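Student: Below is the file target29.txt, with compact mmCIF, C-alpha atoms.
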```txt
# COMPACT_ATOMS: atom_id res chain seq x y z
CA MET A 666 24.10 34.42 -2.61
CA LYS A 667 20.59 33.36 -1.60
CA LYS A 668 19.67 34.37 1.94
CA GLN A 669 18.99 31.34 4.12
CA LYS A 670 15.59 30.99 5.77
CA ASN A 671 15.33 32.02 9.44
CA ARG A 672 15.08 28.81 11.45
CA LEU A 673 14.00 30.52 14.67
CA ASP A 674 10.45 31.22 15.71
CA GLU A 675 9.43 34.56 17.22
CA MET A 676 10.19 33.68 20.84
CA GLN A 677 13.59 32.23 19.96
CA GLU A 678 14.27 35.34 17.85
CA GLN A 679 13.51 37.55 20.85
CA LYS A 680 15.71 35.41 23.09
CA LEU A 681 18.56 35.61 20.56
CA LEU A 682 18.17 39.40 20.40
CA GLN A 683 18.35 39.52 24.20
CA ILE A 684 21.51 37.38 24.18
CA GLU A 685 23.06 39.60 21.49
CA HIS A 686 22.04 42.69 23.50
CA ASN A 687 23.80 41.32 26.61
CA GLY A 688 26.85 40.38 24.52
CA CYS A 689 27.00 43.87 23.04
CA TRP A 690 27.02 45.58 26.45
CA LEU A 691 29.47 43.03 27.85
CA ALA A 692 31.84 43.88 24.98
CA PHE A 693 31.26 47.64 25.46
CA TRP A 694 31.95 47.79 29.20
CA GLY A 695 34.63 45.10 28.97
CA LEU A 696 36.53 47.12 26.38
CA MET A 697 36.15 50.27 28.47
CA VAL A 698 37.63 48.53 31.53
CA VAL A 699 40.47 47.06 29.44
CA LEU A 700 41.26 50.51 27.99
CA PHE A 701 41.23 52.13 31.45
CA VAL A 702 43.50 49.46 32.89
CA GLN A 703 45.95 49.68 30.00
CA ILE A 704 46.09 53.49 29.91
CA PHE A 705 46.01 54.37 33.59
CA LEU A 706 47.50 51.33 35.35
CA TYR A 707 50.09 50.23 32.81
CA GLY A 708 50.63 53.62 31.12
CA ARG A 709 50.53 52.10 27.65
CA ASP A 710 50.96 54.26 24.52
CA PHE A 711 48.07 54.87 22.17
CA GLU A 712 49.70 52.68 19.52
CA ARG A 713 49.46 49.67 21.81
CA ILE A 714 45.76 50.15 22.55
CA MET A 715 44.72 51.26 19.06
CA GLY A 716 42.91 47.97 18.26
CA GLU A 717 40.73 47.98 21.38
CA TRP A 718 40.14 51.72 21.07
CA THR A 719 39.01 51.40 17.44
CA VAL A 720 36.54 48.60 18.24
CA PHE A 721 35.26 50.51 21.28
CA MET A 722 34.76 53.72 19.31
CA CYS A 723 33.04 51.91 16.41
CA LEU A 724 30.66 50.29 18.91
CA ALA A 725 29.99 53.62 20.67
CA VAL A 726 29.45 55.56 17.43
CA TYR A 727 27.19 52.82 16.03
CA ILE A 728 25.00 52.81 19.17
CA VAL A 729 24.74 56.62 19.33
CA VAL A 730 24.03 57.08 15.60
CA SER A 731 21.49 54.22 15.48
CA CYS A 732 19.65 55.49 18.56
CA LEU A 733 19.51 59.07 17.28
CA LYS A 734 18.38 57.91 13.85
CA ASN A 735 15.48 56.05 15.45
CA GLY A 736 14.61 58.86 17.85
CA ILE A 737 15.72 56.95 20.95
CA TRP A 738 17.60 58.56 23.83
CA ASP A 739 17.49 56.39 26.94
CA ARG A 740 15.05 54.11 28.76
CA ARG A 741 14.88 56.22 31.90
CA GLN A 742 16.75 59.51 31.46
CA ALA A 743 15.40 62.46 29.50
CA PRO A 744 17.68 64.62 27.29
CA VAL A 745 17.28 67.74 29.43
CA PRO A 746 20.07 70.11 30.61
CA GLY A 747 19.63 69.09 34.27
CA VAL A 748 20.19 65.39 33.58
CA ASN A 749 23.04 66.15 31.15
CA LEU A 750 24.66 68.29 33.83
CA LYS A 751 24.40 65.55 36.47
CA SER A 752 25.77 62.88 34.08
CA SER A 753 28.66 65.14 33.05
CA LEU A 754 29.46 65.96 36.68
CA LEU A 755 29.51 62.24 37.48
CA ALA A 756 31.79 61.45 34.52
CA GLY A 757 34.08 64.39 35.36
CA GLY A 758 34.20 63.47 39.05
CA ILE A 759 35.06 59.81 38.44
CA SER A 760 37.71 60.69 35.83
CA GLY A 761 39.22 63.35 38.09
CA ILE A 762 39.45 61.00 41.08
CA ILE A 763 41.00 58.18 39.02
CA PHE A 764 43.51 60.55 37.40
CA GLY A 765 44.33 62.20 40.73
CA VAL A 766 44.98 58.86 42.44
CA ILE A 767 47.22 57.73 39.56
CA LYS A 768 49.21 60.98 39.66
CA TYR A 769 49.58 60.69 43.43
CA ARG A 770 50.90 57.14 43.06
CA GLU A 771 53.38 58.40 40.45
CA TYR A 772 54.74 61.53 42.17
CA GLN A 773 53.59 61.31 45.82
CA VAL A 774 52.63 65.02 45.78
CA ILE A 775 49.09 65.47 47.02
CA LEU A 776 48.60 69.08 45.86
CA GLY A 777 49.88 68.35 42.35
CA ALA A 778 47.76 65.21 42.13
CA ALA A 779 44.67 67.12 43.26
CA ALA A 780 45.34 69.89 40.73
CA SER A 781 45.84 67.35 37.89
CA GLY A 782 42.68 65.56 38.94
CA ALA A 783 40.73 68.81 39.02
CA VAL A 784 41.93 69.82 35.55
CA ILE A 785 40.99 66.42 34.09
CA ALA A 786 37.64 66.51 35.91
CA LEU A 787 36.91 69.93 34.43
CA LEU A 788 37.94 68.88 30.92
CA VAL A 789 35.88 65.66 31.01
CA PHE A 790 32.90 67.51 32.50
CA ALA A 791 33.05 70.25 29.83
CA SER A 792 33.46 67.84 26.91
CA CYS A 793 30.73 65.50 28.20
CA PHE A 794 28.29 68.36 28.79
CA ALA A 795 29.00 69.88 25.37
CA GLY A 796 28.68 66.47 23.68
CA LEU A 797 25.44 65.61 25.46
CA SER A 798 23.98 69.06 24.70
CA VAL A 799 24.75 68.72 20.98
CA LEU A 800 23.35 65.16 20.88
CA SER A 801 20.21 66.29 22.78
CA TYR A 802 19.66 68.93 20.13
CA PHE A 803 20.00 66.37 17.31
CA TYR A 804 17.73 63.98 19.21
CA ARG A 805 14.99 66.62 19.51
CA GLU A 806 15.30 67.52 15.83
CA ARG A 807 15.10 63.88 14.77
CA THR A 808 12.19 63.10 17.09
CA ASN A 809 10.23 66.09 15.74
CA ARG A 810 10.87 64.94 12.18
CA LEU A 811 9.80 61.36 12.93
CA GLU A 812 6.69 62.44 14.77
CA ASN A 813 5.62 64.82 12.01
CA ALA A 814 6.32 62.28 9.27
CA GLU A 815 4.11 59.76 11.04
CA GLU A 816 1.32 62.33 11.34
CA GLU A 817 1.53 63.20 7.63
CA GLY A 818 1.39 59.52 6.65
CA LYS A 819 -1.72 59.03 8.76
CA GLU A 820 -3.41 62.04 7.23
CA ASP A 821 -2.62 60.72 3.72
CA GLY A 822 -4.21 57.40 4.65
CA GLU A 823 -7.32 59.14 5.95
CA GLU A 824 -7.61 61.21 2.78
CA GLN A 825 -7.43 58.10 0.64
CA ASN A 826 -10.33 56.60 2.56
CA MET B 502 1.81 37.22 33.40
CA ALA B 503 -0.89 34.66 34.26
CA ARG B 504 -0.91 31.10 32.91
CA ASN B 505 -2.98 30.57 29.79
CA ILE B 506 -5.29 27.73 30.76
CA ALA B 507 -7.66 28.44 27.82
CA ILE B 508 -5.10 27.24 25.25
CA LYS B 509 -4.42 24.10 27.25
CA VAL B 510 -8.16 23.34 27.45
CA ALA B 511 -8.72 24.07 23.75
CA ARG B 512 -5.76 21.87 22.90
CA ALA B 513 -7.16 19.04 25.03
CA GLU B 514 -10.55 19.39 23.30
CA LYS B 515 -8.82 18.90 19.96
CA ASP B 516 -6.68 16.12 21.43
CA MET B 517 -3.51 17.93 20.44
CA THR B 518 -0.16 17.81 22.15
CA GLN B 519 1.99 20.92 22.54
CA LYS B 520 4.24 19.49 19.82
CA ALA B 521 1.34 19.02 17.40
CA LEU B 522 0.08 22.56 17.99
CA ALA B 523 3.61 23.91 17.61
CA GLU B 524 4.02 22.13 14.27
CA ALA B 525 0.62 23.33 13.08
CA VAL B 526 1.42 26.98 13.74
CA GLY B 527 5.10 26.75 12.77
CA VAL B 528 6.87 27.43 16.05
CA SER B 529 8.87 25.34 18.52
CA ARG B 530 7.26 23.33 21.34
CA GLN B 531 9.09 25.47 23.89
CA THR B 532 7.28 28.55 22.55
CA ILE B 533 3.84 26.94 22.99
CA ASN B 534 4.88 25.81 26.46
CA ALA B 535 6.07 29.34 27.34
CA ILE B 536 2.75 30.83 26.14
CA GLU B 537 0.76 28.34 28.25
CA GLN B 538 2.96 29.02 31.27
CA GLY B 539 2.48 32.78 30.81
CA GLU B 540 6.21 33.27 30.28
CA TYR B 541 5.97 34.60 26.73
CA ASN B 542 3.63 37.17 25.22
CA PRO B 543 3.05 36.10 21.58
CA THR B 544 2.64 38.49 18.66
CA ILE B 545 -0.86 39.02 17.25
CA LYS B 546 0.22 37.02 14.19
CA LEU B 547 0.98 33.94 16.30
CA CYS B 548 -2.16 34.45 18.42
CA ARG B 549 -4.27 34.37 15.27
CA ALA B 550 -2.49 31.26 13.98
CA ILE B 551 -3.16 29.45 17.29
CA CYS B 552 -6.82 30.54 17.23
CA ARG B 553 -7.20 29.30 13.65
CA VAL B 554 -5.74 25.87 14.45
CA LEU B 555 -7.74 25.44 17.66
CA GLY B 556 -10.96 26.83 16.14
CA LYS B 557 -11.35 29.54 18.79
CA SER B 558 -11.55 33.33 18.78
CA LEU B 559 -8.92 35.69 20.16
CA ASP B 560 -11.27 36.51 23.03
CA ASP B 561 -11.67 32.81 23.89
CA LEU B 562 -7.94 32.19 24.17
CA PHE B 563 -6.26 35.49 25.02
CA TRP B 564 -8.73 37.73 26.78
CA GLU B 565 -8.06 38.17 30.48
CA GLU B 566 -10.99 39.30 32.61
CA GLU B 567 -8.84 41.44 34.92
CA CYS B 568 -7.76 43.50 31.87
CA GLU B 569 -11.32 44.77 31.59
CA GLU B 570 -11.11 46.25 35.06
CA ASN B 571 -7.92 48.13 34.20
CA PHE B 572 -9.58 50.04 31.37
```
So, in terms of structure tokens, how does the structure I just supplied come out?

Tutor:
Amino acid sequence: MKKQKNRLDEMQEQKLLQIEHNGCWLAFWGLMVVLFVQIFLYGRDFERIMGEWTVFMCLAVYIVVSCLKNGIWDRRQAPVPGVNLKSSLLAGGISGIIFGVIKYREYQVILGAAASGAVIALLVFASCFAGLSVLSYFYRERTNRLENAEEEGKEDGEEQN
Amino acid sequence: MARNIAIKVARAEKDMTQKALAEAVGVSRQTINAIEQGEYNPTIKLCRAICRVLGKSLDDLFWEEECEENF
């Protein structure tokens, strides 16, 4: 099928990209909230949230893979152990508190709830830190490759001249 | 971003409306309006198209004096 001509000019194209960008993040965070509510507030089984979870994971994997492929990490944060540690602590802390509160509401035992929260916090912290460390490594490798490739191309161009 | 008065003046010299300039360079009128209002930073490709239609150089239409001080 013949590809239709783009009817937008460059400013409209940029505006559309901005709208799509906002829509993408709205879908991402919206799905995350929906998953949290269904799992932790309503205690739904995985089978009942499989659709949302699949879309959420596809979106997350697509964003991570595309960013790494293009040598992009984040607008403001650097992929260094200190920042990874802080982010993982934040994720672990929030998960632990949420899980602890839910367990307390279920069983009304503060010590048990605190212990469950601490275990979840530790698990989330460890998996986040490990994941971010591995991704940081891949990011650095990819960035080095992209930077060197660009340099080689430039040198080729200079030689031709 | 500052308003681009130079385009407006050059357009007036050629007796062109925003719509006519937009049609000549192949964009929408709202894009020309946004450039003149300083709300949109056009690509070099569009800058050159505007210069060609208005018979001006890039310096005439897009150079800002305060930029010189920054360098």

Student: Find the residues in chain A near chain B: any atom within 8 Å counts, using only C-alpha atoms. Write them as JSON, numbers by chain.

Tutor: {"A": [673, 674, 675, 676, 677]}

Student: Would you list the contacts of Leu700 (chain A) as a PyMOL selection string, taking every protein, DNA or RNA residue within 12 Å and counting all atoms listed in the file, but skipping same-chain residues closer than 6 positions in sequence?

Tutor: chain A and resi 692-694+706-711+713-722

Student: CA of Leu555 (chain B) and CA of Ile508 (chain B), how far apart in Å?

Tutor: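 Separating CA of Ile508 (chain B) from CA of Leu555 (chain B) is a distance of 8.2 Å.
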
Student: Using all atoms listed in the file, which protein or nucleic acid residues come within 12 Å of Arg549 (chain B)? Drop anything in the same chain fewer than 2 positions from it, and give the result as a compact mmCIF listing (two decimals) with C-alpha atoms, in the coordinates of the input.

Tutor:
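Printed below is part.txt as written:
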```
# COMPACT_ATOMS: atom_id res chain seq x y z
CA VAL B 526 1.42 26.98 13.74
CA PRO B 543 3.05 36.10 21.58
CA THR B 544 2.64 38.49 18.66
CA ILE B 545 -0.86 39.02 17.25
CA LYS B 546 0.22 37.02 14.19
CA LEU B 547 0.98 33.94 16.30
CA ILE B 551 -3.16 29.45 17.29
CA CYS B 552 -6.82 30.54 17.23
CA ARG B 553 -7.20 29.30 13.65
CA VAL B 554 -5.74 25.87 14.45
CA LEU B 555 -7.74 25.44 17.66
CA GLY B 556 -10.96 26.83 16.14
CA LYS B 557 -11.35 29.54 18.79
CA SER B 558 -11.55 33.33 18.78
CA LEU B 559 -8.92 35.69 20.16
CA ASP B 560 -11.27 36.51 23.03
CA ASP B 561 -11.67 32.81 23.89
CA LEU B 562 -7.94 32.19 24.17
CA PHE B 563 -6.26 35.49 25.02
```

Student: One decimal, in Å: what's the spacing between CA of Gln538 (chain B) and CA of Arg672 (chain A)?

Tutor: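 Distance reported for this atom pair: 23.2 Å.
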
Student: Would you please work out which residue, of A:Ser801, A:Asn813, A:Gln679, A:Cys689, is nearest to Gln742 (chain A) when using only C-alpha atoms?

Tutor: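 Smallest distance to Gln742 (chain A) is found for A:Ser801.
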
Student: One decimal, in Å: what's the spacing between CA of Ala743 (chain A) and CA of Cys793 (chain A)?

Tutor: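 So the two atoms, CA of Ala743 (chain A) and CA of Cys793 (chain A), lie 15.7 Å apart.
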
Student: I'd like the neighbourhood of Thr518 (chain B) as a PyMOL selection string, where a residue qualifies if any of its atoms comes within 12 Å (using all atoms listed in the file), though same-chain residues fewer than 6 positions away should be ignored.

Tutor: chain B and resi 508-512+524-525+530+533-534+555

Student: Determine the nearest neighbour of Arg504 (chain B) from the options B:Ala550, B:Glu540, B:Trp564, B:Asp516, counting only C-alpha atoms.

Tutor: B:Glu540

Student: Compile a residue-level contact table for region 679-761 of chain A against region 765-775 of chain A at a cut-off of 9 Å, reporting for every qualifying residue the shortest atom pair and its distance in Å to one decimal, with all atoms listed in the file counted, rows ordered by chain and ascending number, as a tab-separated table.

Tutor:
```
residue	atom	partner	partner_atom	distance
A:Phe705	CA	A:Ile767	CA	7.0
A:Leu706	CA	A:Ile767	CA	7.7
A:Ser760	CA	A:Gly765	CA	8.4
A:Gly761	CA	A:Gly765	CA	5.9
```

Student: Which protein, DNA or RNA residues have an atom at most 12 Å from (28.2, 72.5, 24.7), counting only C-alpha atoms? List them as a ChimeraX atom specification.

Tutor: /A:746,749-750,753,790-802

Student: Once 3 Å is added on each side, what centre and edge lengths in Å to one decimal does the axis-aligned box around all listed atoms of region 742-749 of chain A have, as JSON?

Tutor:
```
{"center_x": 19.2, "center_y": 64.8, "center_z": 30.8, "size_x": 13.6, "size_y": 16.6, "size_z": 13.0}
```

Student: Taking only C-alpha atoms into account, name the residue in A:Leu811, A:Phe764, A:Lys751, A:Lys734 that is nearest to Ile704 (chain A).

Tutor: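 With only C-alpha atoms as the atom set, the closest residue is A:Phe764.
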